[in-house]
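What follows is one structure encoded as structure tokens, with my remarks underneath.
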Amino acid sequence: MTETLLSVRDLKTWFSTGGGTVRAVDGISFDIKRGETFALLGESGCGKSMTSLSVMQLVPQPAGEIVSGQVLLQGEDLLQLPEAAMRDIRGDRIAMIFQEPMTSLNPVLTVGQQIGESLKQHKGLKGAAARARILELLDAVGIPAPQSRIDEYPHQLSGGMKQRVMIAIALAGEPDLLIADEPTTALDVTIQAQVLVLLRELQRKTGMSIMLITHDLGVVAEMADRVAVMYAGQIVEEASRAQFFAEPAHPYSRKLFESLPSMEKRDRALDIIRGSVPSLATEFKGCRFENRCDFAWPPCRDVIPQWHRCAEGHGVRCHLMDEALAATRPNDVAQEADELVAPRSVAVGNELLVVNDLKVHFPIRKGLLKRVAGHVYAVDGVSLKIKQGQTLALVGESGCGKTTVGKGIIQLTRPTAGEVLFEGDDLNALRGERLRRRRKDFQLIFQDPFSSMNPRMMIGDIIEEGMVAQGVGGHRAQRRARVAQLLAHVGLAAEMLDRYPHEFSGGQRQRICIARALAVDPKLIVCDEPTSALDVSVQAQILNLLKELQNELGLSYLFITHNISVVAYLAHEVAVMYLGRIVERGTIGEVLDHPRHPYTQALLSAVPTIDPASQQEIVHLEGDLPSPINPPGGCHFHPRCPAAQPVCKTDYPAPLAVTHTHRVSCHFAQT
Amino acid sequence: MIRRWWPLAILLVWAFFALFGGLLGLAPDHIQLPKILQPPGVDNALGYDDLGRPLWDRLAAGAQTSFLVAIVVVAVSLLVGTLVGTISAYVGGWWDHVMVRVIDIFLAFPGILLAIALAGLLGPGINNVIIALSVVGWVGFARLARAQVLTIKQREHVQAAQALGTVPHRIILFHILPLIMAPIIVEATFAVAGAVISEAGLSYLGLGVQPPEASWGSMIRDGARYLLVAPHMVIVPGVALMLVVLAVNLLGDQLRDKLDVRTRNRKE
């Protein structure tokens, strides 16, 4: 455990662009010991991926260039090696897996061929010997029936399986170091749990080191031995996992923890990091975090902070650690925590939306005459209720139909059957002009704020769109005034009206989308994963805004997400979906604290927690989500359920009322 | 840098003669029997044809024909094709099925053959050439527009507009058309080249403008009979045709690079 495998010294990778030199990686140093997991934590654009590409010498040419530094692999400087020698190191001694298993595999080669390529290159294995080794590798990464999988193509595998194949390719060269760049970000939480366990097991067996690049504190807590936090091209803190989670020292690290949503923070606004990451094209004279830091005082602006050791193996780049300098710091002005606006006294209790047995089936057409050959049962009998001024969270893994429920309710996809009663009117029965008029009452916010705005329209026109469409808001000058007011409401300056969407950051774009939805005074907003594409600190800002708006305007939300901690912070009620049906629903406390359905239990336990003290037992689910074209008979969950009984294979369980709000669809919920 | 401007320069010269050729006092039909088949020289520009008419003047007059045909055909094709393709993709359902079949049927015939048949049916003349080429030309635009709209339609900003209750024609006009214009414009430049060639082809077959009016295609046809005696009669209009088509294609390539979203993103 003591031998240092990889040692990076003062690495600088710069990019020359039209707008000057971007210092993507600006002088970072770290060591990875043999057999340990080293996590590089940071938000998007902080340079963490560029660090790993620099180690592999895969920096995009010709814009990028490793300006200085050393990358020592067991004492040998990789930066001095010629390209030919580097090729032997890649895949052989250092292997890499990426975030997107879908695009990292070659779609026209079979799984076996792709693993075999690596074996031939690095181990010189061919023919039967190679095939035997490929089967061994597939087995090692937990792919069932490797004999048949070896000749399949990537599109025949699920996302989790593809990531396992990627890992098998990486393992083929028996590397000393595995660089995993956001290996589970694109995967569902139950699949993520499987992959993380797999990585840990493989590490234990082979003794390789893992360099884990991630933005997820939960994954770090599960996996890492040591953690380095990156901010704007530099490492600002490095510590062992225990030290880091017990007492993060850098103000940025602390803020990351504080901006995480959770159940305990429900009654107050989340802590946010104000401002945004400085452009990496600037030349820094002081601390990079100074403009966003709550503790900043003049030296932070003028003096570049040095690396301070505050304990064995724990270092921080912050002036607060320099005792002589910190003594000059004035006392803190007592800061008042942001209070949330008290909830407006809306008559909570009136049911705004009642959905009964909603079904959305998509026909699959085949042949010249487009005959219906089957159906995708995307939503297959969903019932739910949303009260005025409250939030219902719809939780589930990708492909379970939760987005389709949202679109079905607001009639963007017309449901196949069922009732959507909005204030007592069945929206499914509305047609044409009457439906169009009604649309002002329910709005939608998407996951990707960029693609949900017309890139050729200015912000002012985008927000005004709804008022024009509905013929509300008076004449043009009045509408403009309202747009400015809305922008202020979501925390943007009114001068921004005349800019285009690409000039804004992700968080700002999401605010604009919220303003657009608010423009028509809706009563219900369907939020489809509105924070999944955002960094943690930005997510906190958007969650605060949504909560504030709810308290102020009495809005109801249908919040579609896979992120349990967001649900715990924001929602009043939860419905858990599996394969087109709701398996459990109830209030937040009932479902999150006392889940009855085995799927809910597995889902909740698979979420990585940042509290190292809570060593909860993970309920591992085997396999993947079945296809909604052909759902398993009986209870849809029985093939993966750890508690399945014969009756589960034949009968779909009727919802059982545990309390008057808590309903579970499981034969064994009572016990 | 030279590569950037010379296609544009050639096209400007072409357009200049087409638009202002009438003001230059050209005499494309002036017959001078002593000068029959004279090759290009110092005092007679590009030489004379088999009837003693000045090739330079005829070339300029021919530019007018090809320019008029190209612009009108492409304008009509673009409007009709984009409209049909966009509506077909946006409305979807059985209407879309019917349109796809119609487009497939048009594409199944070789375009120029269909145009020849049509021009033959309608009789020779420049108006009929324009009609024939437009009937064939709109299909390409319709297919391109349909494919583009099908992808743009899935974008969330279109769904957001639908959720706001925006009326369909407004969605098409403001949220879809501006986003598909780039590939359509590129297609239009290539279509100009196609139309110039097709017009020359039809005129060469005698289906285009009628004598004594000049067109590059008919000039080549007249010259073909004297190819061994007076090759300049073919070379002059041939080179003009080649330069214009090459210039249009190069301009199309440049436009495509400029309008392509992917290359633009890379610069940002």
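Letters for chains follow the order of the structure tokens (A, B, ...), residue numbers begin at 1 for each chain, and ligand numbers begin at 1 in the order shown.
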
Give as a ChimeraX atom specification every residue of chain B that touches chain A within 9 Å, counting only C-alpha atoms. /B:155-167,170,174-176,178-179,267-268

Just write the chosen residues, N, CA, C and O atoms, as a CSV table (one decimal), in the first residue's frame.
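Result file again01.csv:
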chain,number,residue,atom,x,y,z
B,155,ARG,N,-37.2,18.5,-30.8
B,155,ARG,CA,-36.5,19.4,-29.9
B,155,ARG,C,-37.5,19.9,-28.8
B,155,ARG,O,-38.6,20.1,-29.1
B,156,GLU,N,-36.9,20.1,-27.6
B,156,GLU,CA,-37.8,20.5,-26.5
B,156,GLU,C,-38.4,21.9,-26.7
B,156,GLU,O,-39.4,22.2,-26.1
B,157,HIS,N,-37.7,22.7,-27.4
B,157,HIS,CA,-38.3,24.1,-27.5
B,157,HIS,C,-39.6,24.1,-28.3
B,157,HIS,O,-40.4,24.9,-28.1
B,158,VAL,N,-39.7,23.1,-29.2
B,158,VAL,CA,-40.9,23.0,-30.0
B,158,VAL,C,-42.0,22.5,-29.1
B,158,VAL,O,-43.2,23.0,-29.0
B,159,GLN,N,-41.7,21.5,-28.2
B,159,GLN,CA,-42.7,21.0,-27.3
B,159,GLN,C,-43.1,22.1,-26.3
B,159,GLN,O,-44.2,22.2,-25.9
B,160,ALA,N,-42.1,22.9,-25.9
B,160,ALA,CA,-42.4,24.0,-24.9
B,160,ALA,C,-43.4,25.0,-25.6
B,160,ALA,O,-44.3,25.4,-24.9
B,161,ALA,N,-43.2,25.3,-26.9
B,161,ALA,CA,-44.1,26.2,-27.5
B,161,ALA,C,-45.5,25.6,-27.6
B,161,ALA,O,-46.5,26.2,-27.4
B,162,GLN,N,-45.5,24.2,-27.9
B,162,GLN,CA,-46.8,23.6,-27.9
B,162,GLN,C,-47.5,23.6,-26.6
B,162,GLN,O,-48.7,23.8,-26.5
B,163,ALA,N,-46.7,23.4,-25.5
B,163,ALA,CA,-47.3,23.4,-24.2
B,163,ALA,C,-47.8,24.8,-23.8
B,163,ALA,O,-48.7,24.9,-23.0
B,164,LEU,N,-47.2,25.8,-24.4
B,164,LEU,CA,-47.7,27.2,-24.1
B,164,LEU,C,-49.0,27.5,-25.0
B,164,LEU,O,-49.6,28.6,-24.8
B,165,GLY,N,-49.3,26.6,-25.8
B,165,GLY,CA,-50.5,26.8,-26.6
B,165,GLY,C,-50.3,27.7,-27.9
B,165,GLY,O,-51.2,28.3,-28.4
B,166,THR,N,-49.0,27.7,-28.4
B,166,THR,CA,-48.7,28.4,-29.6
B,166,THR,C,-49.4,27.8,-30.8
B,166,THR,O,-49.4,26.5,-30.9
B,167,VAL,N,-50.0,28.6,-31.7
B,167,VAL,CA,-50.7,28.0,-32.8
B,167,VAL,C,-49.7,27.4,-33.8
B,167,VAL,O,-48.6,27.9,-33.9
B,170,ARG,N,-47.5,29.5,-36.2
B,170,ARG,CA,-46.5,30.3,-35.5
B,170,ARG,C,-45.3,29.4,-35.2
B,170,ARG,O,-44.2,29.8,-35.3
B,174,PHE,N,-41.8,30.4,-36.6
B,174,PHE,CA,-40.7,31.0,-35.7
B,174,PHE,C,-39.8,30.0,-35.1
B,174,PHE,O,-38.7,30.3,-34.7
B,175,HIS,N,-40.4,28.8,-34.9
B,175,HIS,CA,-39.6,27.8,-34.1
B,175,HIS,C,-38.9,26.7,-35.0
B,175,HIS,O,-38.0,26.0,-34.5
B,176,ILE,N,-39.4,26.5,-36.2
B,176,ILE,CA,-38.9,25.4,-37.0
B,176,ILE,C,-38.2,26.0,-38.2
B,176,ILE,O,-37.0,25.7,-38.4
B,178,PRO,N,-36.6,28.8,-39.1
B,178,PRO,CA,-35.3,29.5,-38.9
B,178,PRO,C,-34.2,28.4,-38.7
B,178,PRO,O,-33.1,28.7,-39.0
B,179,LEU,N,-34.6,27.3,-38.1
B,179,LEU,CA,-33.5,26.3,-37.7
B,179,LEU,C,-33.2,25.4,-38.9
B,179,LEU,O,-32.2,24.7,-38.8
B,267,LYS,N,-15.8,26.7,-32.9
B,267,LYS,CA,-15.1,28.0,-32.8
B,267,LYS,C,-15.4,28.7,-31.5
B,267,LYS,O,-14.6,29.5,-31.0
B,268,GLU,N,-16.5,28.4,-30.9
B,268,GLU,CA,-16.9,29.1,-29.7
B,268,GLU,C,-16.0,28.8,-28.5
B,268,GLU,O,-15.6,27.7,-28.4

What's around B:Leu107 at 10 Å? Count only C-alpha atoms, leave out sequence neighbours fewer than 2 positions away in its own chain, and write the answer as number ranges by chain. B: 101-105, 109-111, 136, 139-140, 143

Kindly export the residues of the current selection with all heavy atoms, as a compact mmCIF listing (two decimals), in the first residue's frame.
# COMPACT_ATOMS: atom_id res chain seq x y z
N ARG B 101 -44.75 8.94 -50.39
CA ARG B 101 -44.89 8.10 -51.59
C ARG B 101 -44.77 8.95 -52.85
O ARG B 101 -44.11 8.55 -53.81
CB ARG B 101 -46.24 7.39 -51.57
CG ARG B 101 -46.38 6.37 -50.46
CD ARG B 101 -45.55 5.10 -50.73
NE ARG B 101 -45.41 4.33 -49.51
CZ ARG B 101 -44.33 4.34 -48.76
NH1 ARG B 101 -43.26 5.01 -49.14
NH2 ARG B 101 -44.27 3.64 -47.65
N VAL B 102 -45.41 10.13 -52.85
CA VAL B 102 -45.33 11.01 -54.03
C VAL B 102 -43.87 11.38 -54.30
O VAL B 102 -43.39 11.31 -55.44
CB VAL B 102 -46.19 12.28 -53.81
CG1 VAL B 102 -45.92 13.29 -54.92
CG2 VAL B 102 -47.66 11.93 -53.77
N ILE B 103 -43.16 11.75 -53.24
CA ILE B 103 -41.75 12.13 -53.40
C ILE B 103 -40.96 10.94 -53.94
O ILE B 103 -40.14 11.08 -54.86
CB ILE B 103 -41.17 12.60 -52.05
CG1 ILE B 103 -41.80 13.95 -51.68
CG2 ILE B 103 -39.66 12.73 -52.12
CD1 ILE B 103 -41.44 14.44 -50.29
N ASP B 104 -41.22 9.75 -53.39
CA ASP B 104 -40.51 8.55 -53.85
C ASP B 104 -40.76 8.32 -55.35
O ASP B 104 -39.84 7.97 -56.09
CB ASP B 104 -40.99 7.32 -53.07
CG ASP B 104 -40.33 7.26 -51.70
OD1 ASP B 104 -39.41 8.06 -51.47
OD2 ASP B 104 -40.76 6.44 -50.87
N ILE B 105 -42.01 8.51 -55.78
CA ILE B 105 -42.33 8.28 -57.19
C ILE B 105 -41.55 9.25 -58.08
O ILE B 105 -40.95 8.86 -59.08
CB ILE B 105 -43.85 8.42 -57.43
CG1 ILE B 105 -44.57 7.24 -56.78
CG2 ILE B 105 -44.18 8.51 -58.91
CD1 ILE B 105 -46.07 7.38 -56.71
N PHE B 109 -37.88 8.42 -61.10
CA PHE B 109 -37.50 8.77 -62.47
C PHE B 109 -36.20 9.56 -62.46
O PHE B 109 -36.01 10.40 -61.59
CB PHE B 109 -38.57 9.64 -63.12
CG PHE B 109 -39.86 8.94 -63.34
CD1 PHE B 109 -40.92 9.11 -62.47
CD2 PHE B 109 -40.01 8.11 -64.45
CE1 PHE B 109 -42.11 8.45 -62.67
CE2 PHE B 109 -41.21 7.46 -64.66
CZ PHE B 109 -42.26 7.62 -63.78
N PRO B 110 -35.34 9.32 -63.44
CA PRO B 110 -34.20 10.22 -63.58
C PRO B 110 -34.73 11.62 -63.87
O PRO B 110 -35.55 11.79 -64.79
CB PRO B 110 -33.42 9.66 -64.77
CG PRO B 110 -33.93 8.27 -64.95
CD PRO B 110 -35.33 8.25 -64.43
N GLY B 111 -34.30 12.61 -63.09
CA GLY B 111 -34.86 13.95 -63.18
C GLY B 111 -34.83 14.54 -64.56
O GLY B 111 -35.84 15.04 -65.07
N VAL B 136 -39.49 18.95 -61.51
CA VAL B 136 -38.54 17.96 -61.03
C VAL B 136 -37.80 18.46 -59.78
O VAL B 136 -37.47 17.69 -58.89
CB VAL B 136 -37.50 17.65 -62.15
CG1 VAL B 136 -36.52 16.61 -61.68
CG2 VAL B 136 -38.22 17.19 -63.39
N VAL B 139 -38.68 18.30 -55.48
CA VAL B 139 -38.66 17.06 -54.71
C VAL B 139 -37.47 17.03 -53.74
O VAL B 139 -37.61 16.67 -52.57
CB VAL B 139 -38.60 15.84 -55.65
CG1 VAL B 139 -38.77 14.58 -54.86
CG2 VAL B 139 -39.66 15.97 -56.70
N GLY B 140 -36.30 17.47 -54.23
CA GLY B 140 -35.10 17.46 -53.39
C GLY B 140 -35.29 18.32 -52.16
O GLY B 140 -34.95 17.91 -51.04
N ARG B 143 -37.77 16.68 -49.66
CA ARG B 143 -37.20 15.57 -48.90
C ARG B 143 -36.27 16.10 -47.80
O ARG B 143 -36.31 15.66 -46.66
CB ARG B 143 -36.42 14.65 -49.85
CG ARG B 143 -36.06 13.34 -49.21
CD ARG B 143 -35.43 12.42 -50.22
NE ARG B 143 -34.33 13.09 -50.91
CZ ARG B 143 -33.33 12.44 -51.49
NH1 ARG B 143 -33.32 11.13 -51.48
NH2 ARG B 143 -32.37 13.09 -52.10

Counting only C-alpha atoms, what is within 9 Å of B:Leu19, bar same-chain residues fewer than 5 positions away, as a PyMOL selection string? chain B and resi 14+64+67

Tell me which protein, DNA and RNA residues are within 12 Å of A:Thr659, counting only C-alpha atoms, leaving out same-chain ones fewer than 4 positions away, and put them as a ChimeraX atom specification. /A:585-587,590-591,594,596,655,663-664,669-670

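Residue nearest A:His489 within the list A:Ala145, A:Leu217, A:Ala515, A:Leu119: A:Ala515 [criterion: smallest interatomic distance, only C-alpha atoms].
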
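Of the listed residues B:Gly120, B:Pro39, B:Pro212, B:Gly62, the one whose atoms come nearest to B:Tyr226 is B:Pro39, with distances taken using only C-alpha atoms.
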